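Here is structure-v9.txt, consisting of compact mmCIF, C-alpha atoms:
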```
# COMPACT_ATOMS: atom_id res chain seq x y z
CA MET A 10 -297.02 -87.43 108.34
CA VAL A 11 -299.24 -90.51 108.68
CA LYS A 12 -302.97 -89.89 108.30
CA ILE A 13 -304.45 -91.56 111.36
CA GLY A 14 -308.08 -92.43 111.98
CA LEU A 15 -309.34 -92.98 115.51
CA ILE A 16 -312.63 -94.74 116.25
CA GLY A 17 -313.84 -94.62 119.84
CA THR A 18 -313.39 -91.54 122.00
CA GLY A 19 -314.11 -92.76 125.50
CA MET A 20 -311.72 -91.83 128.28
CA LEU A 21 -308.81 -93.81 126.84
CA GLY A 22 -309.47 -93.10 123.18
CA GLU A 23 -309.80 -89.38 123.76
CA ALA A 24 -306.52 -89.25 125.72
CA VAL A 25 -304.69 -91.19 122.99
CA GLY A 26 -306.15 -88.87 120.36
CA LEU A 27 -305.20 -85.71 122.21
CA HIS A 28 -301.64 -86.92 122.61
CA LEU A 29 -301.36 -87.78 118.92
CA LEU A 30 -302.62 -84.30 118.00
CA LYS A 31 -300.19 -82.69 120.43
CA SER A 32 -297.42 -84.75 118.83
CA GLY A 33 -298.21 -83.31 115.39
CA PHE A 34 -300.15 -86.13 113.76
CA SER A 35 -303.12 -85.59 111.45
CA LEU A 36 -306.17 -87.17 113.08
CA CYS A 37 -309.64 -88.03 111.81
CA VAL A 38 -312.09 -89.17 114.48
CA TYR A 39 -315.38 -91.06 114.67
CA ASN A 40 -317.52 -91.86 117.68
CA ARG A 41 -321.08 -93.13 117.71
CA THR A 42 -322.01 -90.36 120.16
CA LYS A 43 -320.73 -87.35 118.26
CA SER A 44 -320.72 -85.03 121.29
CA LYS A 45 -317.84 -87.09 122.72
CA THR A 46 -315.60 -85.90 119.88
CA LYS A 47 -315.92 -82.20 120.77
CA ASN A 48 -312.69 -81.94 122.77
CA LEU A 49 -310.70 -83.61 120.00
CA GLU A 50 -312.29 -81.38 117.36
CA GLU A 51 -311.37 -78.29 119.37
CA ASN A 52 -307.77 -79.53 119.39
CA GLY A 53 -307.58 -79.99 115.64
CA ALA A 54 -309.14 -83.36 114.80
CA ILE A 55 -311.40 -83.78 111.77
CA ILE A 56 -314.71 -85.45 112.64
CA SER A 57 -316.17 -88.17 110.40
CA ASP A 58 -319.83 -89.14 110.20
CA THR A 59 -319.17 -92.86 109.64
CA PRO A 60 -316.32 -95.38 109.94
CA LYS A 61 -316.54 -95.72 106.15
CA HIS A 62 -315.85 -92.02 105.66
CA LEU A 63 -313.02 -92.13 108.18
CA ALA A 64 -311.43 -95.13 106.42
CA GLN A 65 -311.48 -93.34 103.08
CA SER A 66 -309.28 -90.55 104.44
CA SER A 67 -306.97 -92.59 106.69
CA GLU A 68 -303.86 -94.73 106.26
CA LEU A 69 -303.87 -96.26 109.76
CA ILE A 70 -307.06 -96.68 111.80
CA ILE A 71 -306.90 -97.20 115.55
CA THR A 72 -310.10 -98.62 117.05
CA CYS A 73 -310.80 -98.25 120.76
CA VAL A 74 -314.39 -99.33 121.42
CA LYS A 75 -316.13 -100.96 124.35
CA ASP A 76 -316.34 -104.65 123.36
CA GLY A 77 -316.11 -107.29 120.67
CA ASP A 78 -319.60 -106.67 119.30
CA ALA A 79 -318.84 -102.97 118.87
CA ALA A 80 -315.50 -103.80 117.22
CA GLU A 81 -317.16 -106.15 114.74
CA GLN A 82 -319.82 -103.58 113.87
CA ILE A 83 -317.23 -100.86 113.35
CA LEU A 84 -315.22 -103.11 111.04
CA PHE A 85 -317.84 -105.00 109.07
CA GLY A 86 -321.22 -103.34 109.66
CA GLN A 87 -323.10 -101.01 107.36
CA ASP A 88 -320.87 -97.99 106.60
CA GLY A 89 -318.08 -99.77 108.48
CA ILE A 90 -314.36 -99.62 107.84
CA VAL A 91 -314.49 -102.34 105.18
CA ALA A 92 -316.94 -100.24 103.15
CA GLY A 93 -314.29 -97.50 102.95
CA LYS A 94 -311.29 -99.72 102.22
CA HIS A 95 -308.54 -98.67 99.82
CA ASP A 96 -305.04 -99.80 98.90
CA GLY A 97 -302.63 -99.53 101.81
CA LEU A 98 -305.26 -99.27 104.56
CA ALA A 99 -304.26 -100.80 107.91
CA VAL A 100 -306.29 -101.30 111.10
CA ALA A 101 -304.89 -101.46 114.63
CA GLU A 102 -307.33 -102.78 117.25
CA MET A 103 -306.79 -101.23 120.68
CA SER A 104 -310.08 -102.43 122.20
CA THR A 105 -309.94 -105.23 124.78
CA ILE A 106 -311.65 -108.18 123.11
CA ASN A 107 -311.56 -111.98 123.20
CA PRO A 108 -308.39 -113.32 121.51
CA SER A 109 -310.57 -115.65 119.42
CA SER A 110 -312.52 -112.64 118.16
CA ALA A 111 -309.26 -110.84 117.36
CA ILE A 112 -308.08 -113.80 115.30
CA GLN A 113 -311.39 -113.98 113.44
CA ASN A 114 -311.40 -110.23 112.76
CA SER A 115 -307.85 -110.41 111.45
CA LYS A 116 -308.77 -113.25 109.11
CA ARG A 117 -311.80 -111.39 107.75
CA LEU A 118 -309.80 -108.19 107.26
CA ASN A 119 -307.11 -110.12 105.41
CA GLU A 120 -309.80 -111.49 103.08
CA GLU A 121 -310.77 -107.88 102.39
CA LYS A 122 -307.12 -107.04 101.60
CA ILE A 123 -306.86 -104.87 104.75
CA ARG A 124 -303.74 -105.40 106.86
CA SER A 125 -304.26 -105.51 110.60
CA LEU A 126 -302.61 -105.46 113.97
CA GLU A 127 -303.85 -105.78 117.55
CA ILE A 128 -302.47 -103.16 119.94
CA PRO A 129 -304.13 -103.43 123.38
CA VAL A 130 -302.50 -101.23 126.00
CA MET A 131 -301.88 -101.08 129.72
CA GLY A 132 -302.44 -97.79 131.50
CA GLY A 133 -305.36 -95.39 131.73
CA PRO A 134 -306.13 -91.95 130.29
CA ASN A 135 -303.96 -90.33 132.97
CA VAL A 136 -300.83 -91.81 131.36
CA ALA A 137 -302.16 -92.00 127.78
CA ILE A 138 -302.35 -88.20 127.67
CA ASP A 139 -298.54 -88.13 127.97
CA GLY A 140 -297.81 -91.12 125.72
CA LYS A 141 -296.76 -93.37 128.59
CA LEU A 142 -298.87 -96.44 127.91
CA VAL A 143 -297.46 -99.94 127.56
CA LEU A 144 -298.47 -101.35 124.17
CA MET A 145 -298.67 -105.03 123.23
CA ALA A 146 -298.87 -105.78 119.50
CA SER A 147 -299.60 -108.90 117.49
CA GLY A 148 -300.58 -109.69 113.92
CA ASP A 149 -298.96 -108.26 110.80
CA ARG A 150 -295.33 -107.47 111.65
CA ASP A 151 -294.97 -105.26 108.59
CA VAL A 152 -297.75 -102.99 109.87
CA PHE A 153 -296.06 -102.82 113.25
CA ASP A 154 -292.73 -101.86 111.68
CA LYS A 155 -294.25 -99.36 109.25
CA TYR A 156 -296.13 -97.46 111.96
CA LYS A 157 -293.68 -97.97 114.81
CA GLN A 158 -293.31 -94.18 115.13
CA VAL A 159 -297.04 -93.90 115.87
CA PHE A 160 -296.97 -96.70 118.42
CA ASP A 161 -293.87 -95.27 120.07
CA THR A 162 -295.73 -91.97 120.38
CA ILE A 163 -298.69 -93.65 122.07
CA ALA A 164 -296.57 -95.76 124.42
CA ASN A 165 -293.18 -95.55 126.10
CA LYS A 166 -292.83 -99.33 125.89
CA THR A 167 -293.97 -101.53 123.02
CA PHE A 168 -293.84 -105.33 122.71
CA PHE A 169 -294.42 -107.28 119.50
CA LEU A 170 -295.73 -110.69 120.52
CA GLY A 171 -296.20 -112.58 117.27
CA LYS A 172 -299.28 -114.09 115.67
CA SER A 173 -302.76 -112.62 115.82
CA GLY A 174 -304.49 -113.09 119.18
CA SER A 175 -301.26 -113.06 121.20
CA ALA A 176 -301.53 -109.46 122.39
CA HIS A 177 -305.09 -109.84 123.61
CA SER A 178 -304.18 -113.06 125.43
CA ILE A 179 -301.52 -111.15 127.39
CA LYS A 180 -303.80 -108.14 127.83
CA ILE A 181 -306.55 -110.11 129.54
CA ALA A 182 -303.98 -111.92 131.68
CA MET A 183 -302.79 -108.46 132.78
CA ASN A 184 -306.33 -107.32 133.55
CA LEU A 185 -306.80 -110.44 135.66
CA GLN A 186 -303.90 -109.21 137.80
CA ILE A 187 -305.60 -105.82 138.15
CA SER A 188 -308.88 -107.34 139.32
CA LEU A 189 -307.26 -109.62 141.88
CA LEU A 190 -304.89 -106.95 143.21
CA ALA A 191 -307.81 -104.56 143.70
CA LEU A 192 -309.73 -107.25 145.57
CA ALA A 193 -306.75 -108.13 147.75
CA LEU A 194 -306.22 -104.46 148.67
CA ALA A 195 -309.93 -103.95 149.31
CA GLU A 196 -310.09 -106.92 151.65
CA GLY A 197 -306.81 -106.03 153.39
CA ILE A 198 -308.03 -102.48 154.03
CA THR A 199 -311.40 -103.74 155.24
CA LEU A 200 -309.87 -106.33 157.57
CA THR A 201 -307.45 -103.77 159.01
CA LYS A 202 -310.23 -101.28 159.72
CA LYS A 203 -312.43 -103.94 161.28
CA ALA A 204 -309.51 -104.89 163.53
CA GLY A 205 -309.42 -101.31 164.77
CA PHE A 206 -306.28 -100.09 163.01
CA ASP A 207 -305.61 -97.22 160.64
CA PRO A 208 -305.38 -98.81 157.15
CA GLU A 209 -302.62 -96.31 156.29
CA LYS A 210 -300.42 -98.35 158.65
CA PHE A 211 -301.30 -101.45 156.65
CA LEU A 212 -300.21 -99.66 153.47
CA ASP A 213 -297.01 -98.34 155.07
CA ILE A 214 -295.97 -101.86 156.01
CA LEU A 215 -297.14 -103.44 152.74
CA ASN A 216 -295.22 -100.84 150.72
CA SER A 217 -292.09 -101.53 152.78
CA THR A 218 -291.99 -105.09 151.43
CA TYR A 219 -291.53 -106.65 148.00
CA PHE A 220 -295.26 -107.43 148.02
CA LYS A 221 -295.93 -103.77 147.16
CA THR A 222 -297.38 -102.87 143.76
CA GLY A 223 -298.02 -99.71 141.82
CA MET A 224 -301.62 -100.02 142.92
CA SER A 225 -300.72 -100.27 146.61
CA GLU A 226 -298.35 -97.32 146.32
CA ASN A 227 -300.67 -95.05 144.34
CA LYS A 228 -304.35 -95.97 144.15
CA ALA A 229 -304.69 -97.61 147.56
CA HIS A 230 -304.37 -94.30 149.45
CA LYS A 231 -307.29 -92.94 147.41
CA MET A 232 -309.23 -96.12 148.13
CA ILE A 233 -308.89 -95.51 151.87
CA ARG A 234 -310.31 -92.00 151.38
CA ASP A 235 -313.23 -93.38 149.33
CA GLU A 236 -311.98 -91.52 146.25
CA PHE A 237 -313.05 -93.51 143.21
CA GLU A 238 -312.88 -91.05 140.31
CA PRO A 239 -312.78 -93.43 137.35
CA THR A 240 -309.79 -93.93 135.10
CA PHE A 241 -311.10 -97.42 134.29
CA THR A 242 -314.62 -98.18 135.50
CA LEU A 243 -315.64 -101.18 137.55
CA LYS A 244 -318.17 -101.94 134.80
CA ASN A 245 -315.39 -102.18 132.21
CA LEU A 246 -313.27 -104.43 134.40
CA LYS A 247 -316.29 -106.70 134.92
CA LYS A 248 -316.64 -106.85 131.13
CA ASP A 249 -313.00 -107.91 130.87
CA LEU A 250 -313.45 -110.56 133.55
CA GLY A 251 -316.23 -112.01 131.41
CA ILE A 252 -313.77 -112.14 128.50
CA ILE A 253 -311.14 -113.73 130.75
CA THR A 254 -313.41 -116.53 131.94
CA ALA A 255 -314.72 -117.19 128.41
CA THR A 256 -311.17 -117.27 127.02
CA ALA A 257 -310.06 -119.65 129.77
CA LYS A 258 -312.73 -122.09 128.60
CA ASP A 259 -311.60 -121.65 124.98
CA PHE A 260 -308.03 -122.52 125.99
CA GLY A 261 -309.00 -125.29 128.41
CA ALA A 262 -307.61 -123.40 131.42
CA VAL A 263 -309.17 -123.70 134.89
CA LEU A 264 -308.98 -120.30 136.64
CA PRO A 265 -310.94 -120.54 139.90
CA MET A 266 -309.86 -117.11 141.16
CA ALA A 267 -310.88 -115.46 137.88
CA GLU A 268 -314.27 -117.15 138.05
CA ARG A 269 -314.82 -116.00 141.63
CA ALA A 270 -313.62 -112.47 140.84
CA ASN A 271 -316.05 -112.36 137.93
CA GLU A 272 -318.89 -113.21 140.32
CA ILE A 273 -317.82 -110.59 142.88
CA TYR A 274 -317.45 -107.79 140.33
CA ASN A 275 -320.78 -108.77 138.79
CA ASP A 276 -322.44 -108.53 142.22
CA ALA A 277 -320.83 -105.10 142.70
CA LEU A 278 -322.09 -104.01 139.29
CA GLU A 279 -325.63 -105.13 140.12
CA ALA A 280 -325.38 -103.29 143.46
CA GLY A 281 -324.81 -100.01 141.60
CA PHE A 282 -321.02 -99.59 141.73
CA GLY A 283 -320.39 -99.92 137.99
CA GLU A 284 -319.63 -96.31 137.06
CA ILE A 285 -316.91 -95.65 139.65
CA ASP A 286 -313.27 -96.68 139.36
CA TYR A 287 -312.58 -100.41 139.51
CA THR A 288 -310.87 -99.85 142.87
CA GLY A 289 -314.36 -98.98 144.09
CA ILE A 290 -314.69 -102.72 144.67
CA LEU A 291 -313.63 -101.59 148.15
CA ALA A 292 -316.92 -99.72 148.50
CA TYR A 293 -318.80 -102.92 147.68
CA ILE A 294 -316.72 -105.00 150.12
CA LYS A 295 -317.31 -102.30 152.74
CA LYS A 296 -321.05 -102.53 152.15
CA LEU A 297 -320.96 -106.29 152.63
CA SER A 298 -319.05 -105.86 155.89
CA GLU A 299 -321.69 -103.47 157.20
CA ASN A 300 -324.52 -105.95 156.70
```
Can you dump the structure from the file as structure tokens?
Amino acid sequence: MVKIGLIGTGMLGEAVGLHLLKSGFSLCVYNRTKSKTKNLEENGAIISDTPKHLAQSSELIITCVKDGDAAEQILFGQDGIVAGKHDGLAVAEMSTINPSSAIQNSKRLNEEKIRSLEIPVMGGPNVAIDGKLVLMASGDRDVFDKYKQVFDTIANKTFFLGKSGSAHSIKIAMNLQISLLALALAEGITLTKKAGFDPEKFLDILNSTYFKTGMSENKAHKMIRDEFEPTFTLKNLKKDLGIITATAKDFGAVLPMAERANEIYNDALEAGFGEIDYTGILAYIKKLSEN
């Protein structure tokens, strides 16, 4: 069985790790805040003190950290993965980072004789716990093929997209859809309520048309009830919108809706809504409507 290392045990990373353990894989785990590895340790994971130590005992390392700076530090910092490199080591980056950063990281890892792959995913911890994520891969095809069993355990659909940077380009395009759909639902619900109607009627009609989405069929009913238990925080989606707008400039793309969404989510973050679910953008829109 493949010796897997997992770095980053936030909500998503922990769920991925628990599912891998349940599926019979050997798992070594590192997280900067060690207390966040407790649940994984209780389910059979071995806890490492540093990424270097984890790398020394792993064949495939999956990283799932908060941003590009954290990813770079984990890879190349003091006691990072590179410090623990050995023949046959491969790294799969699950974190959502700028495609340009992914390309640069891949190049630096290749110089260190470490093979790499990017594997951002769609879906939150609620589906990761059952291995039902959607996984997008790019980079070293041989790594993808060699560890396909691992990736097929993590996700029920996998897509290999080609050269390094491709998967993260698609990932941030997907997260742009999420941010705009959440805003559209939030404003539709707010407008309906202000017009004096039950927003459930709005959802009933919306979900009777081909304009319906998984979000309108599932999360929107919780939004109406002001239930914003996070599966993906508003703060994290704001972070991704920053990546989206920066990447658009790198590619020479003009994305006016992404730029405006970035501003709105930033305002919501500054107003104190960062730690709730991203669909809590409704709570911020509601606050604006009350002023």
- [ ] Tell me, as number ranges by chain, which residues lie within 9 Å of stretch 40-56 of chain A, counting all atoms listed in the file; anything in the same chain fewer than 3 positions away does not count.
- [x] A: 15-19, 23, 26-27, 30-31, 35-37, 59-60, 63, 74
- [ ] Tell me which protein, DNA and RNA residues are within 12 Å of A:Lys141, counting all atoms listed in the file, leaving out same-chain ones fewer than 3 positions away, and put them as a ChimeraX atom specification.
- [x] /A:24-25,28,130-138,144,160-167
I need the chosen residues saved as an mmCIF file, in the frame of the given file, with C-alpha atoms.
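The result, written out as part.cif:
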```cif
data_model
loop_
_atom_site.group_PDB
_atom_site.id
_atom_site.type_symbol
_atom_site.label_atom_id
_atom_site.label_comp_id
_atom_site.auth_asym_id
_atom_site.auth_seq_id
_atom_site.Cartn_x
_atom_site.Cartn_y
_atom_site.Cartn_z
ATOM 1 C CA ALA A 24 -306.520 -89.250 125.720
ATOM 2 C CA VAL A 25 -304.690 -91.190 122.990
ATOM 3 C CA HIS A 28 -301.640 -86.920 122.610
ATOM 4 C CA VAL A 130 -302.500 -101.230 126.000
ATOM 5 C CA MET A 131 -301.880 -101.080 129.720
ATOM 6 C CA GLY A 132 -302.440 -97.790 131.500
ATOM 7 C CA GLY A 133 -305.360 -95.390 131.730
ATOM 8 C CA PRO A 134 -306.130 -91.950 130.290
ATOM 9 C CA ASN A 135 -303.960 -90.330 132.970
ATOM 10 C CA VAL A 136 -300.830 -91.810 131.360
ATOM 11 C CA ALA A 137 -302.160 -92.000 127.780
ATOM 12 C CA ILE A 138 -302.350 -88.200 127.670
ATOM 13 C CA LEU A 144 -298.470 -101.350 124.170
ATOM 14 C CA PHE A 160 -296.970 -96.700 118.420
ATOM 15 C CA ASP A 161 -293.870 -95.270 120.070
ATOM 16 C CA THR A 162 -295.730 -91.970 120.380
ATOM 17 C CA ILE A 163 -298.690 -93.650 122.070
ATOM 18 C CA ALA A 164 -296.570 -95.760 124.420
ATOM 19 C CA ASN A 165 -293.180 -95.550 126.100
ATOM 20 C CA LYS A 166 -292.830 -99.330 125.890
ATOM 21 C CA THR A 167 -293.970 -101.530 123.020
#
```
Task: Pick from A:Gly174, A:Gly251, A:Gly205, A:Gly283 nearest to A:Ile112, counting all atoms listed in the file - done: A:Gly174
TODO: May I have the residues within 12 Å of A:Ile179 as a PyMOL selection string, using all atoms listed in the file and disregarding those fewer than 2 positions away in the same chain?
DONE: chain A and resi 105-108+127-131+143-147+168-171+173-177+181-186+253+256
TODO: For atom CA of A:Gln113 and atom CA of A:Asp259, determine how far apart the two atoms are, in Å to one decimal place.
DONE: 13.9 Å
- [ ] Go through A:Ile233, A:Ala267, A:Ala92, A:Ala80 and flag the residue nearest A:Leu190, using only C-alpha atoms for the distances.
- [x]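 Checking each of A:Ile233, A:Ala267, A:Ala92, A:Ala80 against A:Leu190, counting only C-alpha atoms, the winner is A:Ala267.
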Open item on the list: Restricting the calculation to only C-alpha atoms: of A:Ser104, A:Ile290, A:Asp154, A:Thr254, which residue gets closest to A:Met266?
Closed with: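 Ranked by minimum distance to A:Met266, first place goes to A:Thr254.
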TODO: Find the residue from A:Asp249, A:Asp88, A:Asp149, A:Asp76 that sits nearest to A:Met103; use only C-alpha atoms when measuring.
DONE: A:Asp76
Task: For atom CA of A:Ala99 and atom CA of A:Asn119, the interatomic separation in Å (one decimal) - done: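 A separation of 10.1 Å between them.
Excluding stretch 93-96 of chain A and any residue on its chain fewer than 3 positions from it, the residues at most 6 Å away by all atoms listed in the file are Lys61, Ala64, Gln65 and Ile90 of chain A.
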Enumerate, in order of chain and increasing residue number, the residues of stretch 97-196 of chain A with an atom no farther than 12 Å from stretch 212-220 of chain A, each with its shortest atom pair and distance in Å to one decimal, counting only C-alpha atoms, as CSV.
```
residue,atom,partner,partner_atom,distance
A:Leu190,CA,A:Phe220,CA,10.8
A:Ala193,CA,A:Phe220,CA,11.5
A:Leu194,CA,A:Leu212,CA,9.1
A:Ala195,CA,A:Leu212,CA,11.4
```
- [ ] Go through A:Ile123, A:Ile187, A:Val11, A:Cys73 and flag the residue nearest A:Val38, using all atoms listed in the file for the distances.
- [x] A:Cys73
Set up a box along x, y and z of the file covering all listed atoms of stretch 173-178 of chain A, add 6 Å on every one of the six sides, and write the centre and edge lengths in Å to one decimal, as JSON.
```
{"center_x": -303.2, "center_y": -111.3, "center_z": 120.6, "size_x": 15.8, "size_y": 15.6, "size_z": 21.6}
```
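For the pair atom CA of A:Tyr274 and atom CA of A:Thr240, the separation is 16.7 Å.
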Task: Counting only C-alpha atoms, the residue of A:Ala280, A:Leu84, A:Lys247, A:Val100 that sits nearest A:Leu297 - done: A:Ala280
Task: Residues near A:Arg269, cut-off 10 Å, all atoms listed in the file, skip fewer than 6 positions along chain, as a list in words - done: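 Skipping anything fewer than 6 positions along the chain leaves Leu189, Leu250, Thr254 and Asn275 of chain A.
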